[in-house]
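J.: File input_33.cif follows (mmCIF, N, CA and C atoms):
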data_final
loop_
_atom_site.group_PDB
_atom_site.id
_atom_site.type_symbol
_atom_site.label_atom_id
_atom_site.label_comp_id
_atom_site.auth_asym_id
_atom_site.auth_seq_id
_atom_site.Cartn_x
_atom_site.Cartn_y
_atom_site.Cartn_z
ATOM 1 N N MET Y 1 136.159 79.825 38.514
ATOM 2 C CA MET Y 1 135.415 79.016 39.442
ATOM 3 C C MET Y 1 136.296 78.744 40.656
ATOM 4 N N THR Y 2 135.983 79.416 41.739
ATOM 5 C CA THR Y 2 136.753 79.226 42.964
ATOM 6 C C THR Y 2 135.945 78.368 43.932
ATOM 7 N N ASN Y 3 136.634 77.489 44.568
ATOM 8 C CA ASN Y 3 135.985 76.582 45.502
ATOM 9 C C ASN Y 3 136.675 76.719 46.847
ATOM 10 N N SER Y 4 136.061 77.442 47.751
ATOM 11 C CA SER Y 4 136.680 77.633 49.064
ATOM 12 C C SER Y 4 136.237 76.518 50.006
ATOM 13 N N SER Y 5 137.155 76.065 50.804
ATOM 14 C CA SER Y 5 136.857 74.966 51.735
ATOM 15 C C SER Y 5 136.683 75.475 53.159
ATOM 16 N N GLN Y 6 136.212 76.702 53.296
ATOM 17 C CA GLN Y 6 135.996 77.258 54.624
ATOM 18 C C GLN Y 6 134.678 76.735 55.183
ATOM 19 N N PRO Y 7 134.675 76.397 56.481
ATOM 20 C CA PRO Y 7 133.416 75.982 57.085
ATOM 21 C C PRO Y 7 132.460 77.168 57.164
ATOM 22 N N PRO Y 8 131.170 76.901 57.186
ATOM 23 C CA PRO Y 8 130.223 78.014 57.282
ATOM 24 C C PRO Y 8 130.397 78.769 58.593
ATOM 25 N N ALA Y 9 130.204 80.059 58.526
ATOM 26 C CA ALA Y 9 130.363 80.895 59.716
ATOM 27 C C ALA Y 9 129.284 80.554 60.743
ATOM 28 N N ARG Y 10 129.690 80.535 62.000
ATOM 29 C CA ARG Y 10 128.727 80.240 63.063
ATOM 30 C C ARG Y 10 127.857 81.466 63.309
ATOM 31 N N ARG Y 11 126.595 81.197 63.443
ATOM 32 C CA ARG Y 11 125.683 82.275 63.769
ATOM 33 C C ARG Y 11 125.653 82.457 65.275
ATOM 34 N N SER Y 12 125.186 83.592 65.721
ATOM 35 C CA SER Y 12 125.114 83.834 67.163
ATOM 36 C C SER Y 12 124.104 82.907 67.819
ATOM 37 N N SER Y 13 123.114 82.432 67.052
ATOM 38 C CA SER Y 13 122.124 81.536 67.633
ATOM 39 C C SER Y 13 122.738 80.179 67.968
ATOM 40 N N ASP Y 14 123.745 79.747 67.188
ATOM 41 C CA ASP Y 14 124.437 78.504 67.522
ATOM 42 C C ASP Y 14 125.148 78.630 68.863
ATOM 43 N N ARG Y 15 125.699 79.774 69.121
ATOM 44 C CA ARG Y 15 126.372 80.032 70.392
ATOM 45 C C ARG Y 15 125.350 79.989 71.532
ATOM 46 N N LEU Y 16 124.148 80.487 71.278
ATOM 47 C CA LEU Y 16 123.097 80.453 72.299
ATOM 48 C C LEU Y 16 122.738 79.022 72.662
ATOM 49 N N LEU Y 17 122.683 78.149 71.699
ATOM 50 C CA LEU Y 17 122.394 76.749 71.980
ATOM 51 C C LEU Y 17 123.515 76.113 72.786
ATOM 52 N N GLN Y 18 124.745 76.418 72.463
ATOM 53 C CA GLN Y 18 125.870 75.871 73.223
ATOM 54 C C GLN Y 18 125.844 76.342 74.673
ATOM 55 N N VAL Y 19 125.533 77.609 74.882
ATOM 56 C CA VAL Y 19 125.437 78.138 76.245
ATOM 57 C C VAL Y 19 124.288 77.469 76.989
ATOM 58 N N ALA Y 20 123.162 77.289 76.312
ATOM 59 C CA ALA Y 20 121.998 76.663 76.947
ATOM 60 C C ALA Y 20 122.304 75.228 77.357
ATOM 61 N N VAL Y 21 122.952 74.471 76.483
ATOM 62 C CA VAL Y 21 123.290 73.079 76.804
ATOM 63 C C VAL Y 21 124.300 73.025 77.942
ATOM 64 N N ALA Y 22 125.274 73.925 77.943
ATOM 65 C CA ALA Y 22 126.279 73.948 79.011
ATOM 66 C C ALA Y 22 125.638 74.278 80.356
ATOM 67 N N LEU Y 23 124.778 75.282 80.388
ATOM 68 C CA LEU Y 23 124.124 75.647 81.644
ATOM 69 C C LEU Y 23 123.213 74.527 82.143
ATOM 70 N N PHE Y 24 122.482 73.915 81.237
ATOM 71 C CA PHE Y 24 121.601 72.818 81.621
ATOM 72 C C PHE Y 24 122.421 71.646 82.154
ATOM 73 N N GLY Y 25 123.524 71.325 81.489
ATOM 74 C CA GLY Y 25 124.372 70.223 81.942
ATOM 75 C C GLY Y 25 124.970 70.472 83.316
ATOM 76 N N ILE Y 26 125.450 71.692 83.555
ATOM 77 C CA ILE Y 26 126.002 72.034 84.863
ATOM 78 C C ILE Y 26 124.920 71.933 85.934
ATOM 79 N N GLY Y 27 123.719 72.390 85.612
ATOM 80 C CA GLY Y 27 122.626 72.310 86.572
ATOM 81 C C GLY Y 27 122.246 70.880 86.898
ATOM 82 N N ILE Y 28 122.201 70.010 85.902
ATOM 83 C CA ILE Y 28 121.862 68.605 86.142
ATOM 84 C C ILE Y 28 122.959 67.924 86.961
ATOM 85 N N LEU Y 29 124.225 68.219 86.659
ATOM 86 C CA LEU Y 29 125.311 67.664 87.462
ATOM 87 C C LEU Y 29 125.225 68.118 88.915
ATOM 88 N N ALA Y 30 124.812 69.361 89.134
ATOM 89 C CA ALA Y 30 124.657 69.855 90.500
ATOM 90 C C ALA Y 30 123.513 69.130 91.211
ATOM 91 N N VAL Y 31 122.418 68.852 90.507
ATOM 92 C CA VAL Y 31 121.309 68.112 91.109
ATOM 93 C C VAL Y 31 121.765 66.710 91.504
ATOM 94 N N VAL Y 32 122.514 66.059 90.640
ATOM 95 C CA VAL Y 32 123.044 64.728 90.954
ATOM 96 C C VAL Y 32 123.966 64.810 92.170
ATOM 97 N N ALA Y 33 124.815 65.843 92.217
ATOM 98 C CA ALA Y 33 125.730 66.009 93.341
ATOM 99 C C ALA Y 33 124.975 66.255 94.646
ATOM 100 N N ILE Y 34 123.833 66.935 94.573
ATOM 101 C CA ILE Y 34 123.034 67.172 95.776
ATOM 102 C C ILE Y 34 122.536 65.850 96.352
ATOM 103 N N PHE Y 35 122.147 64.925 95.485
ATOM 104 C CA PHE Y 35 121.658 63.637 95.968
ATOM 105 C C PHE Y 35 122.792 62.696 96.382
ATOM 106 N N VAL Y 36 123.948 62.832 95.756
ATOM 107 C CA VAL Y 36 125.060 61.932 96.047
ATOM 108 C C VAL Y 36 125.817 62.352 97.310
ATOM 109 N N THR Y 37 125.871 63.636 97.598
ATOM 110 C CA THR Y 37 126.640 64.129 98.738
ATOM 111 C C THR Y 37 126.243 63.479 100.065
ATOM 112 N N PRO Y 38 124.962 63.371 100.413
ATOM 113 C CA PRO Y 38 124.625 62.712 101.686
ATOM 114 C C PRO Y 38 124.926 61.207 101.687
ATOM 115 N N ILE Y 39 124.971 60.604 100.519
ATOM 116 C CA ILE Y 39 125.245 59.170 100.443
ATOM 117 C C ILE Y 39 126.719 58.895 100.727
ATOM 118 N N VAL Y 40 127.607 59.696 100.164
ATOM 119 C CA VAL Y 40 129.040 59.435 100.304
ATOM 120 C C VAL Y 40 129.652 60.096 101.527
ATOM 121 N N SER Y 41 128.968 61.041 102.139
ATOM 122 C CA SER Y 41 129.490 61.688 103.348
ATOM 123 C C SER Y 41 128.328 61.961 104.302
ATOM 124 N N ASP Y 42 128.667 62.345 105.510
ATOM 125 C CA ASP Y 42 127.627 62.635 106.504
ATOM 126 C C ASP Y 42 127.234 64.104 106.522
ATOM 127 N N SER Y 43 127.731 64.863 105.572
ATOM 128 C CA SER Y 43 127.423 66.288 105.551
ATOM 129 C C SER Y 43 126.313 66.592 104.555
ATOM 130 N N GLU Y 44 125.740 67.768 104.723
ATOM 131 C CA GLU Y 44 124.703 68.231 103.795
ATOM 132 C C GLU Y 44 125.365 68.959 102.632
ATOM 133 N N PRO Y 45 124.692 68.990 101.487
ATOM 134 C CA PRO Y 45 125.262 69.724 100.336
ATOM 135 C C PRO Y 45 125.370 71.213 100.648
ATOM 136 N N GLY Y 46 126.360 71.832 100.077
ATOM 137 C CA GLY Y 46 126.567 73.257 100.295
ATOM 138 C C GLY Y 46 125.581 74.111 99.517
ATOM 139 N N LEU Y 47 125.481 75.350 99.923
ATOM 140 C CA LEU Y 47 124.594 76.289 99.259
ATOM 141 C C LEU Y 47 124.976 76.464 97.790
ATOM 142 N N TRP Y 48 126.268 76.410 97.495
ATOM 143 C CA TRP Y 48 126.731 76.602 96.130
ATOM 144 C C TRP Y 48 126.184 75.533 95.196
ATOM 145 N N LEU Y 49 125.956 74.308 95.710
ATOM 146 C CA LEU Y 49 125.365 73.273 94.853
ATOM 147 C C LEU Y 49 123.918 73.611 94.513
ATOM 148 N N TYR Y 50 123.195 74.139 95.483
ATOM 149 C CA TYR Y 50 121.809 74.535 95.215
ATOM 150 C C TYR Y 50 121.745 75.694 94.221
ATOM 151 N N LEU Y 51 122.697 76.602 94.343
ATOM 152 C CA LEU Y 51 122.726 77.719 93.393
ATOM 153 C C LEU Y 51 123.094 77.240 91.992
ATOM 154 N N LEU Y 52 124.027 76.295 91.904
ATOM 155 C CA LEU Y 52 124.368 75.745 90.592
ATOM 156 C C LEU Y 52 123.208 74.952 90.001
ATOM 157 N N ALA Y 53 122.423 74.306 90.852
ATOM 158 C CA ALA Y 53 121.278 73.531 90.362
ATOM 159 C C ALA Y 53 120.238 74.436 89.704
ATOM 160 N N MET Y 54 120.227 75.697 90.074
ATOM 161 C CA MET Y 54 119.283 76.633 89.472
ATOM 162 C C MET Y 54 119.661 76.979 88.036
ATOM 163 N N LEU Y 55 120.836 76.539 87.582
ATOM 164 C CA LEU Y 55 121.222 76.779 86.196
ATOM 165 C C LEU Y 55 120.485 75.854 85.225
ATOM 166 N N ALA Y 56 119.967 74.721 85.709
ATOM 167 C CA ALA Y 56 119.257 73.788 84.824
ATOM 168 C C ALA Y 56 118.017 74.438 84.201
ATOM 169 N N PRO Y 57 117.139 75.053 84.996
ATOM 170 C CA PRO Y 57 115.992 75.702 84.344
ATOM 171 C C PRO Y 57 116.381 76.901 83.490
ATOM 172 N N VAL Y 58 117.456 77.596 83.861
ATOM 173 C CA VAL Y 58 117.915 78.721 83.041
ATOM 174 C C VAL Y 58 118.364 78.213 81.668
ATOM 175 N N GLY Y 59 119.125 77.128 81.666
ATOM 176 C CA GLY Y 59 119.550 76.537 80.404
ATOM 177 C C GLY Y 59 118.380 76.024 79.593
ATOM 178 N N PHE Y 60 117.399 75.461 80.273
ATOM 179 C CA PHE Y 60 116.207 74.970 79.586
ATOM 180 C C PHE Y 60 115.450 76.122 78.920
ATOM 181 N N LEU Y 61 115.301 77.224 79.630
ATOM 182 C CA LEU Y 61 114.614 78.386 79.060
ATOM 183 C C LEU Y 61 115.395 78.971 77.880
ATOM 184 N N LEU Y 62 116.714 79.000 77.999
ATOM 185 C CA LEU Y 62 117.522 79.483 76.865
ATOM 186 C C LEU Y 62 117.380 78.572 75.651
ATOM 187 N N ALA Y 63 117.268 77.268 75.888
ATOM 188 C CA ALA Y 63 117.074 76.336 74.774
ATOM 189 C C ALA Y 63 115.720 76.563 74.110
ATOM 190 N N ILE Y 64 114.704 76.867 74.895
ATOM 191 C CA ILE Y 64 113.391 77.180 74.325
ATOM 192 C C ILE Y 64 113.463 78.462 73.498
ATOM 193 N N VAL Y 65 114.161 79.460 74.024
ATOM 194 C CA VAL Y 65 114.337 80.709 73.273
ATOM 195 C C VAL Y 65 115.066 80.426 71.963
ATOM 196 N N PHE Y 66 116.100 79.588 72.008
ATOM 197 C CA PHE Y 66 116.818 79.222 70.785
ATOM 198 C C PHE Y 66 115.888 78.542 69.786
ATOM 199 N N ALA Y 67 115.070 77.604 70.270
ATOM 200 C CA ALA Y 67 114.174 76.878 69.366
ATOM 201 C C ALA Y 67 113.160 77.819 68.721
ATOM 202 N N LEU Y 68 112.627 78.731 69.502
ATOM 203 C CA LEU Y 68 111.650 79.672 68.948
ATOM 204 C C LEU Y 68 112.317 80.659 67.999
ATOM 205 N N TRP Y 69 113.521 81.079 68.342
ATOM 206 C CA TRP Y 69 114.215 82.065 67.522
ATOM 207 C C TRP Y 69 114.706 81.446 66.209
ATOM 208 N N SER Y 70 115.204 80.228 66.252
ATOM 209 C CA SER Y 70 115.731 79.622 65.043
ATOM 210 C C SER Y 70 114.625 79.036 64.166
ATOM 211 N N GLY Y 71 113.457 78.842 64.712
ATOM 212 C CA GLY Y 71 112.367 78.265 63.944
ATOM 213 C C GLY Y 71 111.454 79.296 63.311
ATOM 214 N N ARG Y 72 111.796 80.548 63.439
ATOM 215 C CA ARG Y 72 110.928 81.576 62.862
ATOM 216 C C ARG Y 72 110.990 81.532 61.345
ATOM 217 N N ARG Y 73 109.950 82.017 60.730
ATOM 218 C CA ARG Y 73 109.889 81.994 59.269
ATOM 219 C C ARG Y 73 110.779 83.056 58.659
ATOM 220 N N ALA Y 74 111.415 82.685 57.575
ATOM 221 C CA ALA Y 74 112.232 83.645 56.829
ATOM 222 C C ALA Y 74 111.312 84.500 55.984
ATOM 223 N N ARG Y 75 111.589 85.771 55.950
ATOM 224 C CA ARG Y 75 110.738 86.686 55.159
ATOM 225 C C ARG Y 75 111.383 86.994 53.854
#
Show me this structure written as structure tokens.
T.:
Amino acid sequence: MTNSSQPPARRSSDRLLQVAVALFGIGILAVVAIFVTPIVSDSEPGLWLYLLAMLAPVGFLLAIVFALWSGRRAR
């Protein structure tokens, strides 16, 4: 009777969720920065902030893909 104390191996779908949350978080931070930039300075937000803000919907879509993929029935 062997009892191994190894943690369960991570599936690739877990990695997909981590990527989705990271992209969504970066996108939300960029949206906040877009609104804060004119308040703290007299300049407009840069194009790079708008491009980073587009990561929020990408992360959201990846999270939906993760939910659909991980919720499928086992055969």
J.: Taking into account only N, CA and C atoms, which residue in the set Y:Ser70, Y:Gly27, Y:Val32, Y:Ala63 is nearest to Leu51 (chain Y)?
T.: Y:Gly27
J.: Measuring atom to atom with only C-alpha atoms, identify which of Y:Ala20, Y:Asp14, Y:Ser43, Y:Gly25 is nearest to Leu61 (chain Y).
T.: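 Ranking Y:Ala20, Y:Asp14, Y:Ser43, Y:Gly25 by distance to Leu61 (chain Y), first place goes to Y:Ala20.
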J.: Name all residues at most 6.5 Å from Leu62 (chain Y) (count only N, CA and C atoms; drop same-chain ones fewer than 3 positions away) and give them as a list in words.
T.: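 So the residues in contact are Leu16, Leu17, Ala20, Pro57, Val58, Gly59, Val65, Phe66 and Ala67 of chain Y.
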J.: Would you mind listing what lies within 7 Å of region 45-50 of chain Y as a list in words, with all atoms listed in the file counted and same-chain residues fewer than 2 positions away left out?
T.: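 Returned residues: Ala30, Val31, Ala33, Ile34, Thr37, Pro38, Ser43, Leu52, Ala53, Met54 and Leu55 of chain Y.
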J.: Rounded to one decimal, what separation in Å do you get between atom C of Val21 (chain Y) and atom N of Phe60 (chain Y)?
T.: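 Between atom C of Val21 (chain Y) and atom N of Phe60 (chain Y) the gap works out to 7.7 Å.
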J.: Interatomic distance between atom N of Val19 (chain Y) and atom N of Ile64 (chain Y)?
T.: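 Separation between atom N of Val19 (chain Y) and atom N of Ile64 (chain Y): 10.9 Å.
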J.: State, in Å with one decimal place, the distance from CA of Arg15 (chain Y) to CA of Trp69 (chain Y).
T.: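 Result for CA of Arg15 (chain Y) versus CA of Trp69 (chain Y): 12.7 Å, one decimal.
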J.: Can you report as AutoDock Vina command-line options the centre and edge lengths in Å, to one decimal, of an axis-aligned box around the listed atoms of region 44-60 of chain Y padded with 4 Å on each side?
T.:
--center_x 121.1 --center_y 73.2 --center_z 91.8 --size_x 19.3 --size_y 19.0 --size_z 33.8
